[in-house]
file work39.txt (compact mmCIF, C-alpha atoms and all ligand atoms)
# COMPACT_ATOMS: atom_id res chain seq x y z
CA MET B 102 42.26 -32.69 -17.82
CA ARG B 103 39.08 -30.65 -18.01
CA ALA B 104 36.73 -30.92 -15.06
CA ILE B 105 33.67 -30.23 -17.22
CA GLU B 106 33.03 -30.17 -20.93
CA ALA B 107 29.49 -29.14 -21.81
CA ARG B 108 28.63 -29.47 -25.50
CA SER B 109 25.39 -28.14 -26.96
CA LEU B 110 23.56 -28.96 -23.74
CA THR B 111 19.83 -28.49 -24.22
CA LYS B 112 16.90 -29.13 -21.92
CA VAL B 113 13.28 -28.86 -22.89
CA TYR B 114 10.96 -29.60 -19.97
CA PRO B 115 7.69 -31.41 -20.51
CA GLY B 116 5.28 -28.60 -21.31
CA GLY B 117 7.76 -27.09 -23.72
CA THR B 118 9.95 -24.70 -21.66
CA LYS B 119 13.38 -24.61 -23.26
CA ALA B 120 15.32 -24.00 -20.05
CA VAL B 121 18.78 -24.56 -21.54
CA ASP B 122 19.39 -23.89 -25.21
CA ASP B 123 22.51 -25.24 -26.91
CA VAL B 124 24.99 -24.36 -24.19
CA SER B 125 28.71 -25.19 -24.50
CA PHE B 126 31.50 -24.34 -22.06
CA ASP B 127 34.56 -25.79 -20.33
CA VAL B 128 35.63 -25.75 -16.72
CA GLU B 129 39.32 -26.41 -16.11
CA GLU B 130 40.47 -28.60 -13.25
CA GLY B 131 41.28 -26.55 -10.14
CA GLU B 132 39.37 -23.41 -11.05
CA ILE B 133 36.41 -21.68 -9.46
CA PHE B 134 33.86 -21.20 -12.20
CA GLY B 135 30.77 -19.05 -11.73
CA LEU B 136 27.49 -19.28 -13.61
CA LEU B 137 25.47 -16.09 -13.29
CA GLY B 138 22.15 -15.02 -14.70
CA PRO B 139 18.72 -13.72 -13.78
CA ASN B 140 15.98 -15.91 -12.31
CA GLY B 141 14.90 -18.57 -14.75
CA ALA B 142 18.03 -18.23 -16.91
CA GLY B 143 18.65 -21.99 -16.73
CA LYS B 144 21.50 -22.20 -14.21
CA THR B 145 20.03 -24.87 -11.95
CA THR B 146 18.90 -26.90 -14.94
CA THR B 147 22.44 -26.78 -16.35
CA ILE B 148 23.82 -28.00 -13.02
CA LYS B 149 21.24 -30.76 -12.87
CA MET B 150 22.28 -32.09 -16.26
CA ILE B 151 25.97 -32.12 -15.37
CA THR B 152 25.34 -33.73 -11.99
CA THR B 153 23.20 -36.49 -13.61
CA LEU B 154 19.98 -35.32 -11.88
CA ALA B 155 18.33 -34.39 -15.19
CA ARG B 156 18.75 -35.89 -18.64
CA PRO B 157 19.70 -33.51 -21.42
CA SER B 158 17.17 -33.37 -24.26
CA SER B 159 20.24 -33.17 -26.49
CA GLY B 160 23.94 -32.44 -26.20
CA SER B 161 26.31 -33.86 -23.63
CA ALA B 162 28.31 -33.14 -20.51
CA THR B 163 31.45 -34.88 -19.35
CA VAL B 164 33.01 -34.74 -15.90
CA PHE B 165 36.75 -35.47 -15.92
CA GLY B 166 36.21 -37.14 -19.27
CA VAL B 167 33.30 -39.34 -18.16
CA ASP B 168 29.95 -38.85 -19.90
CA ALA B 169 27.21 -37.90 -17.42
CA SER B 170 24.39 -39.59 -19.34
CA ARG B 171 26.26 -42.79 -20.11
CA SER B 172 28.02 -43.34 -16.76
CA PRO B 173 25.98 -41.47 -14.15
CA GLU B 174 27.24 -43.48 -11.17
CA GLN B 175 30.87 -42.95 -12.02
CA VAL B 176 30.21 -39.23 -12.43
CA ARG B 177 28.32 -39.01 -9.14
CA GLN B 178 31.25 -40.50 -7.28
CA MET B 179 33.49 -37.65 -8.41
CA LEU B 180 31.23 -34.81 -7.42
CA GLY B 181 29.59 -33.10 -4.50
CA PHE B 182 26.43 -31.03 -4.86
CA VAL B 183 24.97 -28.38 -2.58
CA PRO B 184 21.55 -27.66 -4.07
CA GLN B 185 19.70 -24.37 -4.05
CA THR B 186 17.01 -25.81 -1.80
CA ILE B 187 17.67 -27.11 1.71
CA SER B 188 19.41 -30.48 1.67
CA VAL B 189 19.77 -31.27 5.37
CA ASP B 190 17.14 -32.76 7.66
CA GLY B 191 16.26 -30.48 10.58
CA ASP B 192 15.05 -33.37 12.74
CA LEU B 193 18.45 -35.06 12.67
CA THR B 194 21.71 -33.95 14.26
CA GLY B 195 24.57 -32.57 12.21
CA TYR B 196 26.44 -35.82 12.69
CA GLU B 197 23.49 -37.95 11.56
CA ASN B 198 23.01 -35.85 8.45
CA LEU B 199 26.62 -36.39 7.47
CA LEU B 200 26.41 -40.10 8.22
CA ILE B 201 23.49 -40.52 5.81
CA PHE B 202 25.47 -38.80 3.08
CA ALA B 203 28.57 -40.85 3.79
CA LYS B 204 26.49 -43.98 3.24
CA LEU B 205 24.73 -42.58 0.17
CA PHE B 206 28.03 -41.65 -1.40
CA PHE B 207 29.66 -45.00 -0.75
CA VAL B 208 32.23 -43.85 1.83
CA GLU B 209 33.64 -47.11 3.23
CA ARG B 210 32.36 -48.06 6.66
CA GLY B 211 35.82 -47.95 8.26
CA GLN B 212 36.40 -44.41 7.01
CA ARG B 213 33.06 -42.81 7.75
CA LYS B 214 33.72 -41.60 11.29
CA ALA B 215 37.03 -40.00 10.39
CA ARG B 216 35.60 -38.29 7.28
CA ILE B 217 32.64 -36.92 9.21
CA SER B 218 34.80 -35.59 12.07
CA GLU B 219 37.12 -34.03 9.55
CA ALA B 220 34.28 -32.28 7.71
CA LEU B 221 32.68 -31.05 10.96
CA GLU B 222 36.01 -29.75 12.21
CA TYR B 223 36.77 -28.01 8.92
CA PHE B 224 33.51 -26.10 9.03
CA GLY B 225 33.69 -25.30 12.74
CA LEU B 226 30.70 -27.46 13.62
CA THR B 227 32.33 -30.03 15.93
CA GLU B 228 30.82 -28.59 19.10
CA ARG B 229 27.32 -28.59 17.65
CA ALA B 230 27.58 -32.01 15.95
CA ASN B 231 25.06 -33.64 18.26
CA ASP B 232 22.47 -30.85 18.21
CA LEU B 233 19.40 -31.05 16.02
CA VAL B 234 19.92 -29.10 12.80
CA LYS B 235 16.65 -27.19 13.25
CA HIS B 236 18.38 -25.35 16.08
CA TYR B 237 21.29 -24.26 13.86
CA SER B 238 21.61 -20.72 12.46
CA GLY B 239 21.25 -20.22 8.70
CA GLY B 240 25.02 -19.91 8.33
CA MET B 241 25.70 -23.11 10.26
CA MET B 242 23.12 -24.95 8.20
CA ARG B 243 24.70 -23.83 4.93
CA ARG B 244 28.12 -24.88 6.22
CA LEU B 245 26.72 -28.27 7.18
CA GLU B 246 25.32 -28.65 3.67
CA ILE B 247 28.73 -27.95 2.20
CA ALA B 248 30.34 -30.34 4.69
CA GLN B 249 27.80 -32.93 3.61
CA ALA B 250 28.74 -32.56 -0.03
CA LEU B 251 32.38 -33.08 0.90
CA VAL B 252 32.24 -36.39 2.80
CA ASN B 253 33.13 -38.32 -0.34
CA ARG B 254 36.04 -35.92 -1.02
CA PRO B 255 34.79 -34.87 -4.46
CA ARG B 256 37.13 -33.52 -7.10
CA LEU B 257 34.37 -31.23 -8.30
CA LEU B 258 31.95 -29.39 -6.05
CA PHE B 259 28.71 -27.73 -7.22
CA LEU B 260 27.29 -24.94 -5.11
CA ASP B 261 23.93 -23.58 -6.24
CA GLU B 262 23.52 -20.18 -4.51
CA PRO B 263 25.76 -20.97 -1.52
CA SER B 264 25.24 -17.68 0.28
CA ILE B 265 21.58 -16.98 -0.33
CA GLY B 266 19.75 -15.80 2.77
CA LEU B 267 22.90 -15.44 4.86
CA ASP B 268 23.83 -12.35 6.84
CA PRO B 269 27.01 -10.57 5.70
CA TYR B 270 29.19 -12.23 8.33
CA SER B 271 28.01 -15.79 7.60
CA ARG B 272 28.29 -15.06 3.90
CA MET B 273 31.88 -13.94 4.33
CA GLN B 274 32.69 -17.11 6.26
CA VAL B 275 31.13 -19.36 3.64
CA ILE B 276 32.98 -17.57 0.84
CA LYS B 277 36.26 -17.83 2.71
CA GLN B 278 35.77 -21.55 3.22
CA ILE B 279 34.93 -22.14 -0.41
CA LYS B 280 38.15 -20.38 -1.38
CA GLU B 281 40.17 -22.40 1.11
CA LEU B 282 38.72 -25.65 -0.14
CA ASN B 283 39.83 -24.73 -3.61
CA GLN B 284 43.30 -23.67 -2.49
CA ASN B 285 44.04 -26.38 0.06
CA PHE B 286 42.62 -29.41 -1.75
CA GLY B 287 42.55 -28.27 -5.37
CA THR B 288 38.81 -28.95 -5.47
CA THR B 289 37.29 -27.61 -8.68
CA ILE B 290 34.29 -25.45 -7.83
CA PHE B 291 31.22 -24.61 -9.89
CA VAL B 292 29.12 -21.94 -8.25
CA THR B 293 25.98 -19.98 -9.10
CA THR B 294 25.17 -16.70 -7.42
CA HIS B 295 23.15 -13.53 -7.85
CA ASP B 296 25.71 -11.55 -5.89
CA MET B 297 28.10 -9.86 -8.28
CA ASN B 298 30.58 -8.80 -5.58
CA GLU B 299 30.75 -12.39 -4.49
CA ALA B 300 31.28 -13.62 -8.05
CA ASP B 301 33.97 -11.02 -8.60
CA GLU B 302 35.81 -12.02 -5.45
CA LEU B 303 35.43 -15.75 -5.80
CA CYS B 304 35.54 -16.75 -9.45
CA ASP B 305 38.54 -17.31 -11.70
CA ARG B 306 36.19 -17.36 -14.65
CA LEU B 307 32.51 -16.92 -15.13
CA ALA B 308 29.72 -17.12 -17.64
CA ILE B 309 26.56 -15.04 -17.74
CA MET B 310 23.53 -16.99 -18.79
CA ASN B 311 20.36 -15.46 -20.13
CA LEU B 312 17.22 -17.08 -21.53
CA GLY B 313 18.87 -20.49 -21.66
CA LYS B 314 22.01 -19.33 -23.48
CA ILE B 315 25.48 -18.20 -22.44
CA ALA B 316 25.63 -14.49 -23.24
CA VAL B 317 29.29 -13.92 -22.40
CA SER B 318 32.15 -15.58 -20.50
CA GLY B 319 35.62 -14.69 -19.24
CA SER B 320 37.50 -13.72 -16.10
CA PRO B 321 35.88 -10.98 -13.99
CA THR B 322 38.70 -8.61 -15.01
CA GLU B 323 38.29 -9.38 -18.71
CA LEU B 324 34.55 -8.88 -18.54
CA LYS B 325 34.82 -5.55 -16.75
CA LYS B 326 37.49 -4.37 -19.19
CA SER B 327 35.40 -5.47 -22.16
CA MET B 328 32.74 -2.93 -21.19
CA GLY B 329 35.24 -0.19 -22.06
CA GLY B 330 34.91 3.37 -20.82
CA ASP B 331 33.31 4.73 -17.68
CA VAL B 332 30.00 4.36 -15.95
CA LEU B 333 28.09 7.48 -15.00
CA THR B 334 25.48 7.09 -12.32
CA VAL B 335 22.99 9.94 -12.69
CA THR B 336 20.36 10.63 -10.05
CA VAL B 337 17.43 12.60 -11.41
CA SER B 338 14.02 13.82 -10.42
CA GLY B 339 11.14 14.30 -12.79
CA GLY B 340 10.53 12.23 -15.90
CA LEU B 341 13.30 10.78 -18.00
CA PRO B 342 13.54 10.86 -21.79
CA ASP B 343 12.95 7.42 -23.35
CA SER B 344 16.52 7.22 -24.54
CA ILE B 345 19.70 9.24 -24.78
CA PRO B 346 21.50 9.99 -28.05
CA LYS B 347 24.03 7.29 -29.00
CA GLU B 348 26.97 9.69 -29.09
CA LEU B 349 26.50 10.45 -25.39
CA GLY B 350 26.65 6.80 -24.32
CA SER B 351 24.37 3.81 -23.77
CA THR B 352 21.98 3.23 -20.90
CA ILE B 353 22.90 0.20 -18.78
CA SER B 354 19.98 0.49 -16.41
CA SER B 355 17.33 2.95 -15.35
CA GLU B 356 15.45 2.37 -12.15
CA GLU B 357 13.69 4.68 -9.73
CA GLY B 358 15.38 7.90 -10.72
CA VAL B 359 18.87 6.41 -11.05
CA VAL B 360 20.24 6.02 -14.56
CA LYS B 361 23.51 4.27 -15.33
CA ILE B 362 25.15 5.26 -18.56
CA LEU B 363 28.17 3.63 -20.15
CA THR B 364 30.25 6.21 -21.93
CA GLU B 365 33.68 6.39 -23.51
CA ASP B 366 35.12 9.32 -21.61
CA GLY B 367 33.18 9.98 -18.43
CA GLU B 368 34.64 13.36 -17.57
CA ARG B 369 33.86 14.82 -20.96
CA ALA B 370 30.41 13.28 -21.04
CA ILE B 371 29.21 14.63 -17.68
CA PRO B 372 28.39 18.19 -18.80
CA ARG B 373 26.99 16.99 -22.12
CA ILE B 374 24.65 14.46 -20.52
CA THR B 375 23.59 16.92 -17.84
CA ASP B 376 22.82 19.55 -20.48
CA TYR B 377 20.92 17.05 -22.58
CA LEU B 378 18.75 15.84 -19.69
CA GLU B 379 18.06 19.32 -18.36
CA GLY B 380 17.14 20.40 -21.89
CA LYS B 381 14.48 17.66 -21.78
CA GLY B 382 13.13 18.96 -18.49
CA THR B 383 14.80 16.36 -16.25
CA LEU B 384 16.37 17.71 -13.06
CA VAL B 385 19.83 16.22 -12.49
CA GLU B 386 20.54 15.90 -8.77
CA SER B 387 23.94 14.22 -8.86
CA VAL B 388 26.35 12.49 -11.19
CA SER B 389 29.13 10.11 -10.17
CA LEU B 390 31.75 8.43 -12.29
CA SER B 391 33.16 4.92 -11.78
CA ARG B 392 34.83 2.05 -13.60
CA PRO B 393 32.45 -0.68 -14.79
CA THR B 394 31.67 -3.26 -12.11
CA LEU B 395 30.50 -6.82 -12.62
CA ASP B 396 27.01 -5.56 -11.82
CA ASP B 397 27.22 -3.36 -14.91
CA VAL B 398 28.42 -6.31 -17.00
CA PHE B 399 25.53 -8.37 -15.67
CA MET B 400 22.99 -5.67 -16.48
CA LYS B 401 24.35 -5.32 -19.99
CA TYR B 402 24.11 -9.01 -20.86
CA ALA B 403 21.14 -10.07 -18.77
CA LYS B 404 18.91 -7.07 -19.34
CA ALA B 405 16.81 -8.74 -22.03
CA GLY B 406 16.04 -11.66 -19.73
CA ILE B 407 15.16 -9.43 -16.83
CA THR B 408 12.76 -7.23 -18.74
CA GLN B 409 11.12 -10.22 -20.35
CA GLU B 410 10.50 -12.02 -17.06
CA THR B 411 9.74 -9.30 -14.54
CA SER B 412 11.72 -6.40 -13.17
CA PHE B 413 14.94 -7.37 -11.44
CA ARG B 414 13.50 -6.16 -8.15
CA GLU B 415 10.38 -8.31 -8.51
CA ALA B 416 12.42 -11.31 -9.53
CA ARG B 417 14.65 -10.90 -6.54
CA SER B 418 11.83 -10.72 -4.07
CA ALA B 419 10.03 -13.61 -5.74
CA ARG B 420 13.17 -15.63 -5.27
CA ARG B 421 13.32 -14.78 -1.58
CA SER B 422 9.84 -16.16 -1.09
CA ILE B 423 10.79 -19.32 -2.99
CA VAL B 424 13.66 -19.79 -0.60
CA ARG B 425 11.44 -19.21 2.43
CA HIS B 426 8.99 -21.68 1.00
CA GLY B 427 11.80 -24.21 0.57
CA ARG B 428 12.54 -23.96 4.25
N1 LIG B 501 11.04 -29.21 -13.33
C1 LIG B 501 10.71 -28.24 -14.17
N2 LIG B 501 9.66 -28.37 -15.01
C2 LIG B 501 9.31 -27.41 -15.88
N3 LIG B 501 9.96 -26.23 -16.00
C3 LIG B 501 11.02 -26.03 -15.20
C4 LIG B 501 11.45 -27.01 -14.24
N4 LIG B 501 12.54 -26.52 -13.58
C5 LIG B 501 12.77 -25.31 -14.11
N5 LIG B 501 11.87 -25.00 -15.07
C6 LIG B 501 11.84 -23.77 -15.89
O1 LIG B 501 13.05 -23.70 -16.61
C7 LIG B 501 13.57 -22.38 -16.64
C8 LIG B 501 14.96 -22.35 -16.02
O2 LIG B 501 14.87 -22.64 -14.64
P1 LIG B 501 16.15 -22.82 -13.71
O3 LIG B 501 15.65 -23.24 -12.37
O4 LIG B 501 17.14 -23.68 -14.38
O5 LIG B 501 16.70 -21.32 -13.66
P2 LIG B 501 17.77 -20.64 -12.71
O6 LIG B 501 18.69 -19.88 -13.60
O7 LIG B 501 18.36 -21.65 -11.80
O8 LIG B 501 16.86 -19.61 -11.89
P3 LIG B 501 17.01 -19.07 -10.37
O9 LIG B 501 18.02 -17.96 -10.42
O10 LIG B 501 15.65 -18.55 -10.06
O11 LIG B 501 17.42 -20.20 -9.50
C9 LIG B 501 12.53 -21.51 -15.93
O12 LIG B 501 11.69 -20.97 -16.89
C10 LIG B 501 11.81 -22.50 -15.05
O13 LIG B 501 10.49 -22.07 -14.78
MG MG B 502 18.46 -21.85 -9.77
call {"tool": "encode", "arguments": {"input": "work39.txt", "output": "structure tokens"}}
result
Amino acid sequence: MRAIEARSLTKVYPGGTKAVDDVSFDVEEGEIFGLLGPNGAGKTTTIKMITTLARPSSGSATVFGVDASRSPEQVRQMLGFVPQTISVDGDLTGYENLLIFAKLFFVERGQRKARISEALEYFGLTERANDLVKHYSGGMMRRLEIAQALVNRPRLLFLDEPSIGLDPYSRMQVIKQIKELNQNFGTTIFVTTHDMNEADELCDRLAIMNLGKIAVSGSPTELKKSMGGDVLTVTVSGGLPDSIPKELGSTISSEEGVVKILTEDGERAIPRITDYLEGKGTLVESVSLSRPTLDDVFMKYAKAGITQETSFREARSARRSIVRHGR
């Protein structure tokens, strides 16, 4: 059975923003599915509609065959949700936070203690269970939030930006635990992230969303292969020409003196591109050749959204301040 079937999901917020525009996709039971896209692409809104927290303006979403709009309670009982914003209370202990969730998610009284201990143990938080959460590190807090979403043993777990703001070690731990959850319990996982390495490592399949629509979907390997050819990363100084001739390749991104060019045969293209740029008065400092990464796929399909909103860099730093604000 499919874990999620989204059909023509659309959300227009009051004020007229069309955050999600006719989006359809499937998530199979047992897979880790990633939804990627620049800031404002509509990822969180999509999650909110599937998890019954927002009503679609049109279209539908089912969770294990149950319609989210028609039977929200039944859907809620099957899922866990770790939102993008902080979902634990700093003035309570880890244990108390989990207890509230156990009650909210209808875990039977007789089972609560065992479920909470199990979740704390699984995420290595047993020793800190009775400390106030405001004294936890960022990594511990994120793990507690995931633990919290698991007290009702959901078949489907939503993680909106699970590793944002974490240091590389905590991030690695969180990623490892998400994988283990999927492997050990068969939990279907729906994750959003801005980290392409993370998506590549974690996801069986993913979709890139842009301006409210799904631009492309497939396994990370399929998506990278679909780019075809090689990526040349050219570092230059001096001004760049507005564009390069089509027969030399296509520009994936151009930022601060680093141009990435997708080209059919990298080795042959290197001297031709260098000659072309130098002929235009651009000084080429270095050229390196690599296979397309998921970052390149992302830039290809999400570029329009990024340039329309703000630069990627600006969007990223704006996002960091939103997160800080949330805390
Ligand atoms: N409650 C709301 N009311 C009005 N507009 C909203 C609301 N929530 C989101 N939006 C708008 O809808 C669009 C999609 O937002 P959404 O939060 O779904 O994007 P996202 O892909 O999750 O972005 P991010 O990567 O920054 O988390 C944006 O233009 C946003 O400003
Ligand atoms: Mg979001």
call {"tool": "residues_near_ligand", "arguments": {"input": "work39.txt", "ligand": "ligand LIG 501 (chain B)", "cutoff": "9 Å", "atoms": "only C-alpha atoms and all ligand atoms", "output": "PyMOL selection string"}}
result
chain B and resi 112-121+136-149+185+261-262+293-295+310-313+416-417+419-420+423
call {"tool": "residues_around", "arguments": {"input": "work39.txt", "residues": "Ser264 in chain B", "least_positions_apart": "6", "cutoff": "10 Å", "atoms": "all atoms listed in the file", "output": "ChimeraX atom specification"}}
result
/B:185,239-240,243-244,271-276,293-296,299
call {"tool": "residues_near_point", "arguments": {"input": "work39.txt", "point": "(30.2, -30.7, 6.1)", "cutoff": "10 Å", "atoms": "all atoms listed in the file", "output": "JSON, numbers by chain"}}
result
{"B": [195, 196, 198, 199, 202, 216, 217, 218, 219, 220, 221, 222, 223, 224, 225, 226, 241, 242, 243, 244, 245, 246, 247, 248, 249, 250, 251, 252]}
call {"tool": "residues_around", "arguments": {"input": "work39.txt", "residues": "Val128 in chain B", "least_positions_apart": "6", "cutoff": "7 Å", "atoms": "all atoms listed in the file", "output": "PyMOL selection string"}}
result
chain B and resi 103-106+134
call {"tool": "atom_distance", "arguments": {"input": "work39.txt", "atom1": "CA of Thr394 in chain B", "atom2": "CA of Phe126 in chain B"}}
result
23.3 Å
call {"tool": "closest_residue", "arguments": {"input": "work39.txt", "among": "B:Val292, B:Val317, B:Val332, B:Met102", "to": "Asp397 in chain B", "atoms": "only C-alpha atoms"}}
result
B:Val332
call {"tool": "atom_distance", "arguments": {"input": "work39.txt", "atom1": "CA of Leu307 in chain B", "atom2": "CA of Glu356 in chain B"}}
result
25.9 Å
call {"tool": "closest_residue", "arguments": {"input": "work39.txt", "among": "B:Ser238, B:Leu282, B:Lys401, B:Asn253", "to": "Leu267 in chain B", "atoms": "only C-alpha atoms"}}
result
B:Ser238
call {"tool": "closest_residue", "arguments": {"input": "work39.txt", "among": "B:Ile187, B:Leu341, B:Ala370, B:Met150", "to": "Ile265 in chain B", "atoms": "only C-alpha atoms"}}
result
B:Ile187
call {"tool": "residues_near_point", "arguments": {"input": "work39.txt", "point": "(33.4, -40.1, -6.4)", "cutoff": "8 Å", "atoms": "all atoms listed in the file", "output": "VMD selection string"}}
result
chain B and resid 175 to 180 206 253 to 256
call {"tool": "axis_aligned_box", "arguments": {"input": "work39.txt", "around": "range 230-243 of chain B", "padding_each_side": "6 Å", "output": "AutoDock Vina command-line options"}}
result
--center_x 22.1 --center_y -26.8 --center_z 11.6 --size_x 22.9 --size_y 25.7 --size_z 25.3
call {"tool": "closest_residue", "arguments": {"input": "work39.txt", "among": "B:Met328, B:Leu260, B:Ala230, B:Leu205", "to": "ligand MG 502 (chain B)", "atoms": "only C-alpha atoms and all ligand atoms"}}
result
B:Leu260
call {"tool": "atom_distance", "arguments": {"input": "work39.txt", "atom1": "CA of Ser170 in chain B", "atom2": "CA of Arg210 in chain B"}}
result
28.5 Å
call {"tool": "closest_residue", "arguments": {"input": "work39.txt", "among": "B:Ile353, B:Ala308, B:Ala403, B:Val337", "to": "Leu384 in chain B", "atoms": "only C-alpha atoms"}}
result
B:Val337
call {"tool": "closest_residue", "arguments": {"input": "work39.txt", "among": "B:Val183, B:Leu395, B:Met400, B:Ile362", "to": "ligand MG 502 (chain B)", "atoms": "all atoms listed in the file"}}
result
B:Val183
